[in-house]
Amino acid sequence: MSLEKLKTAEEMASIRDCLEAQGRKLVFTNGCFDLLHVGHVRYLQQARELGDALVVAVNGDASVRALKGQTRPINSELDRAEVLAALECVSYVTIFPSIRVTELAKSVRPQVYAKGGDYTIESLDPEERVVLEAVGSRICILPLVPGKSTSAIIGKWKS
């Protein structure tokens with residue numbers, strides 16, 4: 001994988017500051033992205049349109065297991081990061097080890113936070129929402145692509 005797009009939390013905070021100094025906006029999103037599918041791609045393209053650069057924070061392997069169960073992730077965190085980094089709409093990728101993205105969001109302080117339509121502002125993790133609001137992030141909920149989900153793909157494969 002080209003490591004050019006893979007960044008640490010500290011590097012992402014610096015990139016965000018540089019973008020802001022130029023009058024540009026960093027869009028931030030996060031998730032497992034275990035099996036990348038058309039729903040993810042459309043969502044990430046829409047998220048990128050909300051600003052000038054898009055960083056995708058990927059849950060590390062241990063946090064995916066905690067969230068999704070012992071049979072997940074299907075793909076390792078580095079493989080998932082590499083696939084995301086290959087997308088033209090993705091400017092940067094970072095991997096975070098925790099279940100929640102709270103600390104990373106606090107460090108990066110994105111101007112825009114995007115989340116998929118399976119969430120509402122009210123259903124976001126309360127601590128994440130407090131941090132995002134405290135750092136001045138505009139929270140945008142983007143529509144889901146009907147019928148396109150990792151769980152649906154796994155269910156179809158199992159049947």
# chains A, B, ... in the order shown; residues from 1 in each chain; ligands from 1

$ select_by_dssp --residues "chain A" --states "strand (DSSP E or B)" --output "list of chain:residue names"
A:Leu6, A:Leu26, A:Val27, A:Phe28, A:Thr29, A:Asn30, A:Gly31, A:Ala53, A:Leu54, A:Val55, A:Val56, A:Ala57, A:Val58, A:Asn59, A:Tyr92, A:Val93, A:Thr94, A:Ile95, A:Phe96, A:Val112, A:Tyr113, A:Ala114, A:Lys115, A:Gly116, A:Arg138, A:Ile139, A:Cys140, A:Ile141, A:Leu142

$ write_last_selection --atoms "C-alpha atoms" --output "PDB file, in the first residue's frame"
ATOM      1  CA  LEU A   6      -2.232   6.684   5.994  1.00  0.00           C
ATOM      2  CA  LEU A  26     -11.727  18.779   6.544  1.00  0.00           C
ATOM      3  CA  VAL A  27     -14.552  16.246   6.467  1.00  0.00           C
ATOM      4  CA  PHE A  28     -14.233  13.366   8.920  1.00  0.00           C
ATOM      5  CA  THR A  29     -16.030  10.041   8.999  1.00  0.00           C
ATOM      6  CA  ASN A  30     -15.406   6.731  10.678  1.00  0.00           C
ATOM      7  CA  GLY A  31     -16.417   3.103  10.623  1.00  0.00           C
ATOM      8  CA  ALA A  53     -10.550  16.832   2.027  1.00  0.00           C
ATOM      9  CA  LEU A  54     -11.950  13.612   3.502  1.00  0.00           C
ATOM     10  CA  VAL A  55     -10.336  11.592   6.263  1.00  0.00           C
ATOM     11  CA  VAL A  56     -11.719   8.135   6.971  1.00  0.00           C
ATOM     12  CA  ALA A  57     -11.013   6.840  10.469  1.00  0.00           C
ATOM     13  CA  VAL A  58     -11.042   3.035  10.422  1.00  0.00           C
ATOM     14  CA  ASN A  59     -11.803   0.961  13.505  1.00  0.00           C
ATOM     15  CA  TYR A  92      -6.500  10.419   4.182  1.00  0.00           C
ATOM     16  CA  VAL A  93      -7.000   7.295   6.268  1.00  0.00           C
ATOM     17  CA  THR A  94      -6.223   6.796   9.923  1.00  0.00           C
ATOM     18  CA  ILE A  95      -6.707   3.726  12.122  1.00  0.00           C
ATOM     19  CA  PHE A  96      -7.983   4.087  15.667  1.00  0.00           C
ATOM     20  CA  VAL A 112     -17.466  18.585   9.227  1.00  0.00           C
ATOM     21  CA  TYR A 113     -18.409  15.164  10.611  1.00  0.00           C
ATOM     22  CA  ALA A 114     -20.316  12.826   8.274  1.00  0.00           C
ATOM     23  CA  LYS A 115     -22.229   9.721   9.296  1.00  0.00           C
ATOM     24  CA  GLY A 116     -24.437   7.324   7.367  1.00  0.00           C
ATOM     25  CA  ARG A 138     -20.988  20.482  11.679  1.00  0.00           C
ATOM     26  CA  ILE A 139     -22.659  17.051  11.884  1.00  0.00           C
ATOM     27  CA  CYS A 140     -24.108  15.772   8.599  1.00  0.00           C
ATOM     28  CA  ILE A 141     -26.176  12.605   8.308  1.00  0.00           C
ATOM     29  CA  LEU A 142     -26.029  11.243   4.767  1.00  0.00           C
TER      30      LEU A 142
END

$ atom_distance --atom1 "atom CA of Gly23 of chain A" --atom2 "atom CA of Leu104 of chain A"
22.1 Å

$ select_by_dssp --residues "chain A" --states "helix (DSSP H, G or I)" --output "PyMOL selection string"
chain A and resi 9-21+38-48+61-68+77-85+102-108+126-134+150-158

$ write_last_selection --atoms "C-alpha atoms" --output "PDB file, in the first residue's frame"
ATOM      1  CA  ALA A   9      -3.906  11.256  14.780  1.00  0.00           C
ATOM      2  CA  GLU A  10      -1.200  13.880  15.275  1.00  0.00           C
ATOM      3  CA  GLU A  11      -0.606  14.183  11.531  1.00  0.00           C
ATOM      4  CA  MET A  12      -4.347  14.522  10.931  1.00  0.00           C
ATOM      5  CA  ALA A  13      -4.607  17.344  13.494  1.00  0.00           C
ATOM      6  CA  SER A  14      -1.784  19.177  11.726  1.00  0.00           C
ATOM      7  CA  ILE A  15      -3.367  18.622   8.298  1.00  0.00           C
ATOM      8  CA  ARG A  16      -6.669  19.965   9.606  1.00  0.00           C
ATOM      9  CA  ASP A  17      -4.926  23.101  10.908  1.00  0.00           C
ATOM     10  CA  CYS A  18      -3.176  23.629   7.546  1.00  0.00           C
ATOM     11  CA  LEU A  19      -6.460  23.250   5.688  1.00  0.00           C
ATOM     12  CA  GLU A  20      -8.192  25.703   8.002  1.00  0.00           C
ATOM     13  CA  ALA A  21      -5.379  28.245   7.544  1.00  0.00           C
ATOM     14  CA  VAL A  38     -21.327   0.360  -3.314  1.00  0.00           C
ATOM     15  CA  GLY A  39     -23.179   1.817  -0.321  1.00  0.00           C
ATOM     16  CA  HIS A  40     -19.850   2.726   1.270  1.00  0.00           C
ATOM     17  CA  VAL A  41     -18.471   4.171  -1.954  1.00  0.00           C
ATOM     18  CA  ARG A  42     -21.518   6.369  -2.580  1.00  0.00           C
ATOM     19  CA  TYR A  43     -21.505   7.507   1.050  1.00  0.00           C
ATOM     20  CA  LEU A  44     -17.793   8.394   0.948  1.00  0.00           C
ATOM     21  CA  GLN A  45     -18.243  10.294  -2.331  1.00  0.00           C
ATOM     22  CA  GLN A  46     -21.087  12.302  -0.773  1.00  0.00           C
ATOM     23  CA  ALA A  47     -19.044  12.947   2.364  1.00  0.00           C
ATOM     24  CA  ARG A  48     -16.133  14.264   0.304  1.00  0.00           C
ATOM     25  CA  ASP A  61      -9.269  -5.016  14.422  1.00  0.00           C
ATOM     26  CA  ALA A  62      -9.878  -5.379  18.174  1.00  0.00           C
ATOM     27  CA  SER A  63     -12.577  -2.717  18.175  1.00  0.00           C
ATOM     28  CA  VAL A  64     -14.314  -4.348  15.182  1.00  0.00           C
ATOM     29  CA  ARG A  65     -14.390  -7.651  17.108  1.00  0.00           C
ATOM     30  CA  ALA A  66     -15.875  -5.842  20.111  1.00  0.00           C
ATOM     31  CA  LEU A  67     -18.523  -4.165  17.939  1.00  0.00           C
ATOM     32  CA  LYS A  68     -19.348  -6.928  15.451  1.00  0.00           C
ATOM     33  CA  GLU A  77      -7.252  -3.056   9.556  1.00  0.00           C
ATOM     34  CA  LEU A  78      -4.324  -2.486   7.189  1.00  0.00           C
ATOM     35  CA  ASP A  79      -6.150  -4.186   4.311  1.00  0.00           C
ATOM     36  CA  ARG A  80      -9.266  -2.107   4.989  1.00  0.00           C
ATOM     37  CA  ALA A  81      -7.165   1.067   5.152  1.00  0.00           C
ATOM     38  CA  GLU A  82      -5.452   0.223   1.867  1.00  0.00           C
ATOM     39  CA  VAL A  83      -8.732  -0.349   0.042  1.00  0.00           C
ATOM     40  CA  LEU A  84     -10.132   2.945   1.349  1.00  0.00           C
ATOM     41  CA  ALA A  85      -6.941   4.813   0.467  1.00  0.00           C
ATOM     42  CA  THR A 102     -14.260  10.289  20.620  1.00  0.00           C
ATOM     43  CA  GLU A 103     -10.567  10.851  21.393  1.00  0.00           C
ATOM     44  CA  LEU A 104      -9.581  10.987  17.728  1.00  0.00           C
ATOM     45  CA  ALA A 105     -12.339  13.521  16.970  1.00  0.00           C
ATOM     46  CA  LYS A 106     -11.176  15.604  19.932  1.00  0.00           C
ATOM     47  CA  SER A 107      -7.623  15.594  18.554  1.00  0.00           C
ATOM     48  CA  VAL A 108      -8.431  16.179  14.859  1.00  0.00           C
ATOM     49  CA  PRO A 126     -23.551  10.854  23.345  1.00  0.00           C
ATOM     50  CA  GLU A 127     -19.855  11.323  24.201  1.00  0.00           C
ATOM     51  CA  GLU A 128     -18.917  11.547  20.516  1.00  0.00           C
ATOM     52  CA  ARG A 129     -21.670  14.075  19.910  1.00  0.00           C
ATOM     53  CA  VAL A 130     -20.566  16.228  22.862  1.00  0.00           C
ATOM     54  CA  VAL A 131     -16.974  16.253  21.595  1.00  0.00           C
ATOM     55  CA  LEU A 132     -17.997  17.027  18.013  1.00  0.00           C
ATOM     56  CA  GLU A 133     -20.180  19.901  19.163  1.00  0.00           C
ATOM     57  CA  ALA A 134     -17.438  21.177  21.513  1.00  0.00           C
ATOM     58  CA  THR A 150     -22.029  -5.441   4.939  1.00  0.00           C
ATOM     59  CA  SER A 151     -24.492  -7.413   7.076  1.00  0.00           C
ATOM     60  CA  ALA A 152     -26.713  -8.018   4.017  1.00  0.00           C
ATOM     61  CA  ILE A 153     -23.713  -9.221   1.999  1.00  0.00           C
ATOM     62  CA  ILE A 154     -22.649 -11.608   4.771  1.00  0.00           C
ATOM     63  CA  GLY A 155     -26.226 -12.847   5.199  1.00  0.00           C
ATOM     64  CA  LYS A 156     -26.568 -13.501   1.490  1.00  0.00           C
ATOM     65  CA  TRP A 157     -23.266 -15.346   1.399  1.00  0.00           C
ATOM     66  CA  LYS A 158     -24.221 -17.522   4.384  1.00  0.00           C
TER      67      LYS A 158
END
